[in-house]
>>> print(open('my_file-v1.tsv').read())   # TSV, C-alpha atoms
chain	number	residue	atom	x	y	z
A	31	MET	CA	33.90	120.17	93.35
A	32	ASN	CA	33.54	119.71	97.11
A	33	ILE	CA	30.75	121.42	99.03
A	34	PRO	CA	32.13	123.65	101.84
A	35	ILE	CA	31.68	122.33	105.37
A	36	ARG	CA	29.68	125.43	106.28
A	37	SER	CA	26.91	124.34	103.90
A	38	TRP	CA	26.61	121.02	105.73
A	39	VAL	CA	26.51	122.80	109.09
A	40	LEU	CA	23.81	125.14	107.83
A	41	ALA	CA	21.93	122.05	106.61
A	42	LEU	CA	21.93	120.70	110.17
A	43	GLY	CA	20.11	123.87	111.13
A	44	THR	CA	17.49	123.45	108.40
A	45	PHE	CA	17.11	119.82	109.50
A	46	ALA	CA	16.37	121.06	113.02
A	47	VAL	CA	13.87	123.58	111.62
A	48	GLY	CA	12.16	120.97	109.46
A	49	THR	CA	12.02	118.43	112.26
A	50	ASP	CA	10.52	121.02	114.57
A	51	ALA	CA	7.86	121.91	111.98
A	52	PHE	CA	6.76	118.32	111.36
A	53	VAL	CA	7.63	116.38	114.51
A	54	VAL	CA	4.41	117.07	116.43
A	55	ALA	CA	2.42	114.87	114.05
A	56	GLY	CA	4.39	111.85	115.32
A	57	PHE	CA	3.17	112.11	118.92
A	58	LEU	CA	-0.03	114.15	118.75
A	59	PRO	CA	-2.22	111.67	120.72
A	60	GLU	CA	0.25	111.46	123.62
A	61	MET	CA	0.60	115.23	123.74
A	62	ALA	CA	-3.17	115.72	123.70
A	63	ALA	CA	-3.62	113.26	126.55
A	64	ALA	CA	-0.92	114.92	128.65
A	65	LEU	CA	-2.46	118.37	128.18
A	66	HIS	CA	-6.01	117.05	128.74
A	67	VAL	CA	-7.32	118.29	125.39
A	68	SER	CA	-8.68	116.60	122.28
A	69	GLU	CA	-6.38	115.58	119.45
A	70	ALA	CA	-8.08	118.17	117.25
A	71	ALA	CA	-7.29	120.89	119.80
A	72	ALA	CA	-3.69	119.73	120.17
A	73	GLY	CA	-3.36	119.81	116.39
A	74	GLN	CA	-3.90	123.54	116.48
A	75	SER	CA	-0.35	123.86	117.80
A	76	VAL	CA	0.68	122.83	114.28
A	77	THR	CA	-1.68	125.46	112.90
A	78	ALA	CA	-0.15	128.11	115.16
A	79	PHE	CA	3.39	127.24	114.01
A	80	ALA	CA	2.40	127.23	110.34
A	81	LEU	CA	0.46	130.48	110.38
A	82	ALA	CA	3.12	132.26	112.47
A	83	TYR	CA	5.76	131.15	109.96
A	84	ALA	CA	3.60	132.23	106.99
A	85	ALA	CA	2.95	135.69	108.42
A	86	GLY	CA	6.30	136.08	110.13
A	87	SER	CA	8.57	135.22	107.20
A	88	PRO	CA	8.21	138.50	105.24
A	89	ILE	CA	8.06	140.51	108.46
A	90	MET	CA	11.23	138.92	109.86
A	91	ALA	CA	12.99	139.42	106.53
A	92	THR	CA	12.13	143.12	106.67
A	93	LEU	CA	13.07	143.64	110.32
A	94	THR	CA	16.38	141.75	110.11
A	95	ALA	CA	17.52	142.82	106.62
A	96	ARG	CA	20.48	144.93	107.79
A	97	LEU	CA	21.73	142.59	110.52
A	98	PRO	CA	24.99	140.68	109.93
A	99	ARG	CA	24.12	137.17	108.84
A	100	ARG	CA	26.22	135.14	111.31
A	101	PRO	CA	24.73	136.54	114.53
A	102	LEU	CA	21.29	136.49	112.93
A	103	LEU	CA	21.50	132.78	112.12
A	104	VAL	CA	22.95	131.93	115.53
A	105	THR	CA	20.26	133.92	117.32
A	106	ALA	CA	17.52	132.30	115.23
A	107	LEU	CA	18.73	128.82	116.24
A	108	VAL	CA	18.95	129.82	119.89
A	109	VAL	CA	15.39	131.16	119.76
A	110	LEU	CA	14.27	127.92	118.09
A	111	GLY	CA	16.00	125.83	120.77
A	112	LEU	CA	14.66	127.82	123.71
A	113	ALA	CA	11.15	127.81	122.23
A	114	ASN	CA	11.28	124.03	121.95
A	115	LEU	CA	12.39	123.74	125.56
A	116	GLY	CA	9.37	125.87	126.40
A	117	SER	CA	7.15	123.55	124.37
A	118	ALA	CA	8.61	120.52	126.13
A	119	LEU	CA	7.80	122.06	129.53
A	120	ALA	CA	4.42	123.53	128.57
A	121	PRO	CA	1.82	122.73	131.26
A	122	THR	CA	-1.19	123.81	129.18
A	123	LEU	CA	-2.21	124.11	125.54
A	124	PRO	CA	-2.12	127.95	125.48
A	125	VAL	CA	1.48	127.91	126.73
A	126	LEU	CA	2.35	125.27	124.13
A	127	ILE	CA	0.83	127.35	121.34
A	128	ALA	CA	2.72	130.46	122.49
A	129	THR	CA	6.03	128.59	122.38
A	130	ARG	CA	5.18	127.14	118.95
A	131	VAL	CA	4.64	130.67	117.64
A	132	LEU	CA	8.04	131.70	119.03
A	133	ALA	CA	9.66	128.64	117.43
A	134	ALA	CA	8.07	129.56	114.08
A	135	LEU	CA	9.58	133.05	114.21
A	136	GLY	CA	13.01	131.55	114.83
A	137	ALA	CA	12.50	129.16	111.92
A	138	ALA	CA	11.30	131.99	109.66
A	139	ALA	CA	14.46	133.97	110.44
A	140	TYR	CA	16.79	131.01	109.88
A	141	THR	CA	15.70	129.07	106.79
A	142	PRO	CA	15.74	131.69	103.98
A	143	ASN	CA	18.89	133.35	105.31
A	144	ALA	CA	20.75	130.04	105.63
A	145	GLY	CA	20.15	129.34	101.95
A	146	ALA	CA	21.11	132.84	100.90
A	147	VAL	CA	24.35	132.75	102.93
A	148	ALA	CA	25.33	129.32	101.55
A	149	ALA	CA	24.80	130.57	98.00
A	150	SER	CA	26.72	133.81	98.57
A	151	LEU	CA	29.81	132.10	100.01
A	152	THR	CA	30.41	129.63	97.17
A	153	THR	CA	31.63	129.94	93.61
A	154	PRO	CA	29.02	130.24	90.87
A	155	GLN	CA	29.86	126.71	89.71
A	156	ALA	CA	29.04	125.23	93.14
A	157	ARG	CA	26.24	127.56	94.15
A	158	ALA	CA	23.32	125.34	93.18
A	159	ARG	CA	24.83	122.33	94.92
A	160	ALA	CA	25.53	124.29	98.10
A	161	LEU	CA	21.93	125.55	98.10
A	162	SER	CA	20.59	122.04	97.49
A	163	VAL	CA	22.54	120.77	100.52
A	164	VAL	CA	21.06	123.44	102.79
A	165	VAL	CA	17.52	122.96	101.48
A	166	GLY	CA	18.12	119.20	101.66
A	167	GLY	CA	18.08	119.50	105.44
A	168	LEU	CA	14.37	120.34	105.23
A	169	THR	CA	13.73	117.49	102.81
A	170	LEU	CA	15.55	115.02	105.04
A	171	ALA	CA	13.51	116.23	108.01
A	172	THR	CA	10.38	115.40	106.04
A	173	ALA	CA	11.60	111.83	105.62
A	174	LEU	CA	13.14	111.27	109.05
A	175	GLY	CA	11.90	113.98	111.41
A	176	VAL	CA	8.39	112.64	112.08
A	177	PRO	CA	9.28	108.93	112.34
A	178	LEU	CA	12.23	109.79	114.58
A	179	GLY	CA	9.93	112.00	116.67
A	180	ASN	CA	7.46	109.15	116.92
A	181	LEU	CA	10.25	106.79	118.04
A	182	ALA	CA	11.64	109.31	120.53
A	183	ALA	CA	8.18	109.89	121.95
A	184	GLN	CA	7.74	106.14	122.46
A	185	GLN	CA	11.08	105.88	124.26
A	186	LEU	CA	11.24	109.21	126.07
A	187	SER	CA	7.74	110.78	125.93
A	188	TRP	CA	6.66	113.63	123.70
A	189	ARG	CA	8.36	116.11	126.01
A	190	GLY	CA	11.61	114.23	125.54
A	191	ALA	CA	11.21	114.34	121.76
A	192	LEU	CA	10.81	118.13	121.79
A	193	THR	CA	13.78	118.40	124.14
A	194	LEU	CA	15.90	116.55	121.59
A	195	VAL	CA	14.88	119.05	118.90
A	196	ALA	CA	15.86	121.85	121.29
A	197	VAL	CA	19.23	120.23	121.99
A	198	LEU	CA	19.91	119.85	118.26
A	199	SER	CA	19.07	123.51	117.60
A	200	LEU	CA	21.23	124.75	120.47
A	201	ALA	CA	24.11	122.46	119.46
A	202	VAL	CA	24.11	123.69	115.85
A	203	ALA	CA	24.15	127.37	116.90
A	204	PRO	CA	27.83	127.45	118.06
A	205	ALA	CA	28.82	125.31	115.07
A	206	VAL	CA	27.28	127.89	112.72
A	207	HIS	CA	29.16	130.64	114.56
A	208	ALA	CA	32.41	128.69	114.20
A	209	VAL	CA	32.23	127.93	110.46
A	210	LEU	CA	30.69	131.12	109.07
A	211	PRO	CA	32.78	134.21	108.29
A	212	GLU	CA	31.40	137.68	108.84
A	213	VAL	CA	28.68	138.28	106.27
A	214	PRO	CA	27.12	141.75	106.17
A	215	GLY	CA	23.42	142.36	106.09
A	216	ASN	CA	21.48	143.44	103.04
A	217	PRO	CA	19.93	146.78	102.11
A	218	ALA	CA	16.61	147.29	103.83
A	219	VAL	CA	13.62	146.45	101.64
A	220	PRO	CA	10.29	147.83	102.89
A	221	LEU	CA	7.56	145.30	103.54
A	222	ARG	CA	5.41	147.08	100.98
A	223	THR	CA	8.06	146.39	98.34
A	224	ARG	CA	8.32	142.74	99.37
A	225	LEU	CA	4.58	142.34	98.93
A	226	ALA	CA	4.42	144.30	95.67
A	227	ALA	CA	4.66	141.06	93.69
A	228	LEU	CA	1.16	140.27	94.88
A	229	ARG	CA	-0.08	142.89	92.45
A	230	HIS	CA	1.06	140.71	89.56
A	231	PRO	CA	-2.10	138.99	88.22
A	232	ALA	CA	-0.33	135.71	87.40
A	233	VAL	CA	1.27	135.55	90.87
A	234	LEU	CA	-2.13	136.14	92.43
A	235	ARG	CA	-3.47	133.17	90.48
A	236	VAL	CA	-0.64	130.80	91.43
A	237	LEU	CA	-0.18	131.44	95.16
A	238	PRO	CA	-3.72	130.38	96.19
A	239	LEU	CA	-3.03	127.02	94.56
A	240	THR	CA	-0.02	126.55	96.84
A	241	VAL	CA	-2.26	127.21	99.84
A	242	LEU	CA	-4.97	124.85	98.58
A	243	GLY	CA	-2.57	122.07	97.57
A	244	MET	CA	-0.64	122.11	100.83
A	245	GLY	CA	-3.95	122.25	102.68
A	246	ALA	CA	-4.95	119.02	100.93
A	247	ALA	CA	-1.61	117.42	101.84
A	248	TYR	CA	-1.85	118.36	105.53
A	249	THR	CA	-5.53	117.82	106.30
A	250	ALA	CA	-4.72	114.29	107.44
A	251	TYR	CA	-0.95	114.53	107.93
A	252	ALA	CA	-1.10	116.66	111.07
A	253	TYR	CA	-3.22	113.86	112.57
A	254	SER	CA	-1.22	111.08	110.95
A	255	VAL	CA	-1.08	108.80	114.00
A	256	PRO	CA	-4.88	108.49	114.45
A	257	ALA	CA	-5.29	108.62	110.67
A	258	LEU	CA	-2.99	105.64	110.17
A	259	GLU	CA	-4.48	103.75	113.08
A	260	GLY	CA	-7.86	104.29	111.41
A	261	VAL	CA	-6.73	102.26	108.38
A	262	GLY	CA	-5.42	99.39	110.47
A	263	VAL	CA	-1.75	100.39	110.68
A	264	ARG	CA	0.22	99.23	113.70
A	265	ALA	CA	3.77	100.05	112.56
A	266	ILE	CA	3.20	103.82	112.64
A	267	GLY	CA	6.89	104.71	112.48
A	268	LEU	CA	7.40	102.60	109.34
A	269	MET	CA	4.42	104.16	107.61
A	270	LEU	CA	5.63	107.65	108.48
A	271	PHE	CA	9.01	106.76	107.03
A	272	LEU	CA	7.35	105.53	103.81
A	273	TYR	CA	5.52	108.85	103.59
A	274	GLY	CA	8.81	110.70	104.08
A	275	ALA	CA	10.63	108.57	101.51
A	276	GLY	CA	7.85	109.33	99.04
A	277	ALA	CA	8.13	113.03	99.88
A	278	VAL	CA	11.86	113.08	99.14
A	279	ALA	CA	11.39	111.15	95.89
A	280	GLY	CA	8.50	113.37	94.82
A	281	ASN	CA	10.46	116.54	95.49
A	282	LEU	CA	13.50	115.34	93.54
A	283	LEU	CA	11.55	113.92	90.60
A	284	SER	CA	9.40	117.03	90.38
A	285	GLY	CA	12.37	119.23	89.57
A	286	TYR	CA	13.48	116.93	86.75
A	287	ALA	CA	9.95	116.42	85.43
A	288	THR	CA	9.15	120.14	85.53
A	289	ASP	CA	12.22	120.92	83.42
A	290	ARG	CA	11.39	118.14	80.97
A	291	TRP	CA	7.59	118.23	80.67
A	292	GLY	CA	6.46	121.46	82.30
A	293	ALA	CA	4.99	122.46	85.64
A	294	GLY	CA	1.40	122.00	84.52
A	295	HIS	CA	1.85	118.31	83.76
A	296	VAL	CA	3.63	117.73	87.08
A	297	LEU	CA	0.91	119.45	89.08
A	298	THR	CA	-1.85	117.67	87.19
A	299	ALA	CA	-0.26	114.30	87.85
A	300	GLY	CA	0.54	115.15	91.48
A	301	TYR	CA	-2.95	116.33	92.42
A	302	THR	CA	-4.51	113.38	90.60
A	303	VAL	CA	-2.35	110.95	92.56
A	304	MET	CA	-3.11	112.76	95.83
A	305	ALA	CA	-6.87	112.72	95.22
A	306	LEU	CA	-6.82	109.02	94.34
A	307	ALA	CA	-4.59	108.11	97.30
A	308	MET	CA	-6.72	110.06	99.78
A	309	GLY	CA	-9.90	108.62	98.29
A	310	ALA	CA	-8.54	105.08	98.55
A	311	LEU	CA	-7.51	105.63	102.19
A	312	ALA	CA	-11.00	106.99	102.91
A	313	TRP	CA	-12.50	103.81	101.43
A	314	ILE	CA	-10.16	101.60	103.50
A	315	ALA	CA	-11.07	103.49	106.67
A	316	ALA	CA	-14.80	103.25	105.95
A	317	SER	CA	-14.74	99.57	104.99
A	318	GLY	CA	-12.40	98.39	107.73
A	319	ALA	CA	-10.33	96.43	105.21
A	320	ALA	CA	-6.95	95.13	106.44
A	321	VAL	CA	-4.51	95.90	103.60
A	322	PRO	CA	-1.27	97.16	105.20
A	323	VAL	CA	0.84	96.75	102.05
A	324	LEU	CA	-1.61	98.84	100.05
A	325	VAL	CA	-1.68	101.45	102.81
A	326	GLY	CA	2.13	101.62	102.64
A	327	VAL	CA	2.02	102.21	98.89
A	328	LEU	CA	-0.70	104.84	99.31
A	329	GLY	CA	1.31	106.50	102.08
A	330	ALA	CA	4.35	106.81	99.83
A	331	ALA	CA	2.14	108.18	97.03
A	332	TRP	CA	0.65	110.65	99.51
A	333	GLY	CA	4.13	111.92	100.41
A	334	ALA	CA	5.30	112.11	96.80
A	335	SER	CA	2.21	113.97	95.61
A	336	SER	CA	2.38	116.36	98.58
A	337	TRP	CA	5.96	117.46	97.98
A	338	CYS	CA	6.06	117.39	94.18
A	339	GLN	CA	4.10	120.66	94.28
A	340	THR	CA	6.84	123.01	95.46
A	341	PRO	CA	9.37	122.90	92.56
A	342	ALA	CA	6.58	123.13	90.00
A	343	GLN	CA	4.85	126.03	91.74
A	344	GLN	CA	8.14	127.89	92.18
A	345	HIS	CA	8.82	127.40	88.48
A	346	ARG	CA	5.43	128.90	87.62
A	347	LEU	CA	5.98	131.88	89.89
A	348	ILE	CA	9.49	132.65	88.63
A	349	THR	CA	8.27	132.36	85.04
A	350	ALA	CA	5.41	134.72	85.84
A	351	ALA	CA	7.60	137.33	87.56
A	352	PRO	CA	11.26	136.71	86.67
A	353	ALA	CA	12.37	140.16	87.84
A	354	GLU	CA	10.97	139.43	91.31
A	355	ALA	CA	12.11	135.82	91.62
A	356	ALA	CA	13.46	136.06	95.17
A	357	LEU	CA	10.33	137.78	96.41
A	358	VAL	CA	7.85	135.38	94.83
A	359	VAL	CA	9.74	132.33	96.11
A	360	SER	CA	9.62	133.86	99.60
A	361	LEU	CA	5.88	134.47	99.22
A	362	ASN	CA	5.46	130.86	98.07
A	363	SER	CA	7.15	129.68	101.28
A	364	SER	CA	4.64	131.69	103.27
A	365	ALA	CA	1.83	130.20	101.18
A	366	ILE	CA	3.12	126.69	101.93
A	367	TYR	CA	2.84	127.25	105.66
A	368	ALA	CA	-0.51	128.99	105.26
A	369	GLY	CA	-1.70	125.85	103.50
A	370	ILE	CA	-0.38	123.68	106.31
A	371	GLY	CA	-2.35	125.83	108.74
A	372	LEU	CA	-5.48	125.55	106.59
A	373	GLY	CA	-5.19	121.77	106.34
A	374	THR	CA	-4.64	121.39	110.07
A	375	VAL	CA	-7.70	123.47	110.89
A	376	LEU	CA	-9.86	121.50	108.45
A	377	GLY	CA	-8.51	118.19	109.76
A	378	GLY	CA	-9.28	119.20	113.32
A	379	LEU	CA	-12.85	120.07	112.35
A	380	VAL	CA	-13.60	116.73	110.66
A	381	LEU	CA	-11.51	114.38	112.82
A	382	ALA	CA	-14.32	113.88	115.33
A	383	SER	CA	-16.53	112.55	112.51
A	384	GLY	CA	-14.10	109.72	111.79
A	385	VAL	CA	-10.93	108.96	109.89
A	386	ALA	CA	-12.84	108.24	106.68
A	387	PHE	CA	-14.13	111.83	106.72
A	388	LEU	CA	-10.59	113.06	107.39
A	389	TYR	CA	-9.22	111.38	104.29
A	390	GLY	CA	-12.34	112.32	102.34
A	391	ALA	CA	-11.85	116.00	103.13
A	392	ALA	CA	-8.24	115.74	101.94
A	393	ALA	CA	-9.41	114.04	98.71
A	394	LEU	CA	-11.90	116.86	98.08
A	395	LEU	CA	-9.21	119.52	98.57
A	396	ALA	CA	-6.86	117.60	96.27
A	397	THR	CA	-9.58	117.47	93.62
A	398	ALA	CA	-10.14	121.21	94.01
A	399	SER	CA	-6.38	121.72	93.65
A	400	LEU	CA	-6.42	119.70	90.43
A	401	ALA	CA	-9.19	121.90	89.09
A	402	GLY	CA	-7.28	125.01	90.13
A	403	ALA	CA	-4.12	123.82	88.40
A	404	LEU	CA	-5.97	123.13	85.17
A	405	LEU	CA	-7.63	126.56	85.27
A	406	THR	CA	-4.55	128.65	86.09
A	407	MET	CA	-1.47	127.02	84.59
A	408	ARG	CA	-1.69	128.85	81.23
A	409	VAL	CA	-2.26	132.27	82.78
A	410	ALA	CA	0.44	131.92	85.46
A	411	ALA	CA	3.20	130.76	83.15
A	412	THR	CA	3.58	133.61	80.65
A	413	PRO	CA	2.15	137.00	79.75
A	414	ALA	CA	-1.06	137.01	77.78
A	415	GLY	CA	-0.65	136.10	74.15
A	416	SER	CA	2.41	133.89	74.69
A	417	ARG	CA	2.50	130.14	74.63
A	418	SER	CA	2.46	128.76	78.16
A	419	SER	CA	5.64	127.06	79.37
A	420	ASP	CA	3.53	125.19	81.90
A	421	ARG	CA	2.26	122.86	79.21
>>> encode(input="my_file-v1.tsv", output="structure tokens")
Amino acid sequence: MNIPIRSWVLALGTFAVGTDAFVVAGFLPEMAAALHVSEAAAGQSVTAFALAYAAGSPIMATLTARLPRRPLLVTALVVLGLANLGSALAPTLPVLIATRVLAALGAAAYTPNAGAVAASLTTPQARARALSVVVGGLTLATALGVPLGNLAAQQLSWRGALTLVAVLSLAVAPAVHAVLPEVPGNPAVPLRTRLAALRHPAVLRVLPLTVLGMGAAYTAYAYSVPALEGVGVRAIGLMLFLYGAGAVAGNLLSGYATDRWGAGHVLTAGYTVMALAMGALAWIAASGAAVPVLVGVLGAAWGASSWCQTPAQQHRLITAAPAEAALVVSLNSSAIYAGIGLGTVLGGLVLASGVAFLYGAAALLATASLAGALLTMRVAATPAGSRSSDR
């Protein structure tokens, strides 16, 4: 069965959102130099985006619940595009951070609604595939967005790279308007109701692990250019692509492995791989060894272990609170971006001490995530007294 063209157009929007979220890592040193700030300070623009998305997602969902979906999605893309133009023209770091917050609010309004609209406009038999296409835009951005941003920054400057993201967002907006029919809004759900799932003990145990695990993944990733240079890498774009390819593979394999062997086994394996990869990169940075092939393998493992978390964590949350599945998945998205913000802050704090400390901090967080997964996977999966489906 063919996927409707509107799903592919919506996927272009999620690709723009994903590229915008991750692209800064590809040109952070150039941006820091242009704004006359340290790389650690410039990295806080990533923190601002992530935290604004994490906090803004449930708020935007509440404020925009009753709005028709087509104008909402178009407006969100326009806001994203204009915010990126503002970022491209930002003369100072405070202005850049303000425009990154605005971009995050546009992204928070677009991504969950794009998936919901794609699912609602297809037959039940094609619904999962339509949703996978839309979400696939984010996954593809993980693989291609940062290396393409790095390449664009080399050819056009970092301001040119952000301008391209703006152009993409603004170009997709009229296409979304053209292919989508009128879709009414949803009944208003108070913010208190949206956050009620946080009262569920198992949900409260699982969500912090999402924050911790994504923090481990992003401690070094937000500073990936200096981090890769610190382990002797010259082909930065290639290494970023290997990370992205690993991320795509890890995300896809995680869904299959979670269904077959359980979320707990996937998370245990993922955090173990992440801790070992980060530890090995810390050793390479400290020793000054020149092993580019090994770094490439470790980079792919880093990407795979970073993005294998999401399907498994979503599975745990839905199992813990099946009646509130949509709400807990939304909360998990906020937790992902909160983790990105946490990792970026930690990376900025340790970057001045050296790249080995950067990778070492990520390895410690990954080890803590492994411990957290082992401690919580039974409780989060099922009510007390039942056999855990995480195992």
>>> closest_atom_pairs(input="my_file-v1.tsv", of="stretch 175-243 of chain A", to="stretch 392-399 of chain A", cutoff="7 Å", atoms="all atoms listed in the file", output="JSON lines")
{"residue": "A:Leu239", "atom": "CA", "partner": "A:Ser399", "partner_atom": "CA", "distance": 6.3}
{"residue": "A:Leu242", "atom": "CA", "partner": "A:Ser399", "partner_atom": "CA", "distance": 6.0}
{"residue": "A:Gly243", "atom": "CA", "partner": "A:Ser399", "partner_atom": "CA", "distance": 5.5}
>>> atom_distance(input="my_file-v1.tsv", atom1="atom CA of A:Leu297", atom2="atom CA of A:Ala403")
6.7 Å
>>> atom_distance(input="my_file-v1.tsv", atom1="atom CA of A:Ala148", atom2="atom CA of A:Leu97")
16.4 Å
>>> residues_around(input="my_file-v1.tsv", residues="stretch 383-386 of chain A", least_positions_apart="4", cutoff="12 Å", atoms="all atoms listed in the file", output="PyMOL selection string")
chain A and resi 70+249-251+253-262+308-318+376-379+390-393
>>> residues_around(input="my_file-v1.tsv", residues="A:Ala331", least_positions_apart="3", cutoff="7 Å", atoms="only C-alpha atoms", output="JSON, numbers by chain")
{"A": [276, 303, 307, 327, 328, 334, 335]}
>>> closest_atom_pairs(input="my_file-v1.tsv", of="stretch 194-238 of chain A", to="stretch 47-67 of chain A", cutoff="9 Å", atoms="all atoms listed in the file", output="tab-separated table")
residue	atom	partner	partner_atom	distance
A:Val195	CA	A:Asp50	CA	6.5
A:Ala196	CA	A:Asp50	CA	8.6
A:Ser199	CA	A:Val47	CA	7.9
>>> write_last_selection(input="my_file-v1.tsv", atoms="C-alpha atoms", output="short mmCIF file (atom, residue, chain, number, x, y, z; two decimals), keeping the file's coordinate frame")
data_model
loop_
_atom_site.label_atom_id
_atom_site.label_comp_id
_atom_site.auth_asym_id
_atom_site.auth_seq_id
_atom_site.Cartn_x
_atom_site.Cartn_y
_atom_site.Cartn_z
CA VAL A 195 14.88 119.05 118.90
CA ALA A 196 15.86 121.85 121.29
CA SER A 199 19.07 123.51 117.60
#
>>> atom_distance(input="my_file-v1.tsv", atom1="atom CA of A:Val241", atom2="atom CA of A:Ala365")
5.2 Å
>>> closest_residue(input="my_file-v1.tsv", among="A:Thr406, A:Thr152, A:Ser360, A:Ser75", to="A:Ala134", atoms="all atoms listed in the file")
A:Ser75
>>> residues_around(input="my_file-v1.tsv", residues="A:Gly167", least_positions_apart="6", cutoff="9 Å", atoms="all atoms listed in the file", output="list in words")
Trp38, Leu40, Ala41, Leu42, Gly43, Thr44, Phe45, Ala46, Val47 and Gly48 of chain A
>>> axis_aligned_box(input="my_file-v1.tsv", around="stretch 305-312 of chain A", padding_each_side="8 Å", output="JSON")
{"center_x": -7.8, "center_y": 108.9, "center_z": 98.6, "size_x": 22.4, "size_y": 23.6, "size_z": 24.6}
>>> closest_residue(input="my_file-v1.tsv", among="A:Pro34, A:Gly333, A:Gly245, A:Gly145", to="A:Arg99", atoms="all atoms listed in the file")
A:Gly145
>>> closest_residue(input="my_file-v1.tsv", among="A:Val147, A:Ala401, A:Ala299, A:Leu126", to="A:Pro211", atoms="all atoms listed in the file")
A:Val147
>>> closest_residue(input="my_file-v1.tsv", among="A:Leu200, A:Leu168, A:Val213, A:Leu110", to="A:Val278", atoms="all atoms listed in the file")
A:Leu168
>>> closest_residue(input="my_file-v1.tsv", among="A:Phe79, A:Tyr389, A:Tyr140, A:Tyr301", to="A:Thr240", atoms="only C-alpha atoms")
A:Tyr301
>>> closest_residue(input="my_file-v1.tsv", among="A:Thr169, A:Thr94, A:Leu361, A:Val321", to="A:Gly136", atoms="all atoms listed in the file")
A:Thr94
>>> residues_around(input="my_file-v1.tsv", residues="stretch 233-237 of chain A", least_positions_apart="5", cutoff="7 Å", atoms="all atoms listed in the file", output="list in words")
Leu228, Leu347, Ala350, Asn362, Ala365, Thr406 and Ala410 of chain A
>>> residues_around(input="my_file-v1.tsv", residues="A:Thr298", least_positions_apart="3", cutoff="8 Å", atoms="all atoms listed in the file", output="ChimeraX atom specification")
/A:294-295,301-302,400,403-404
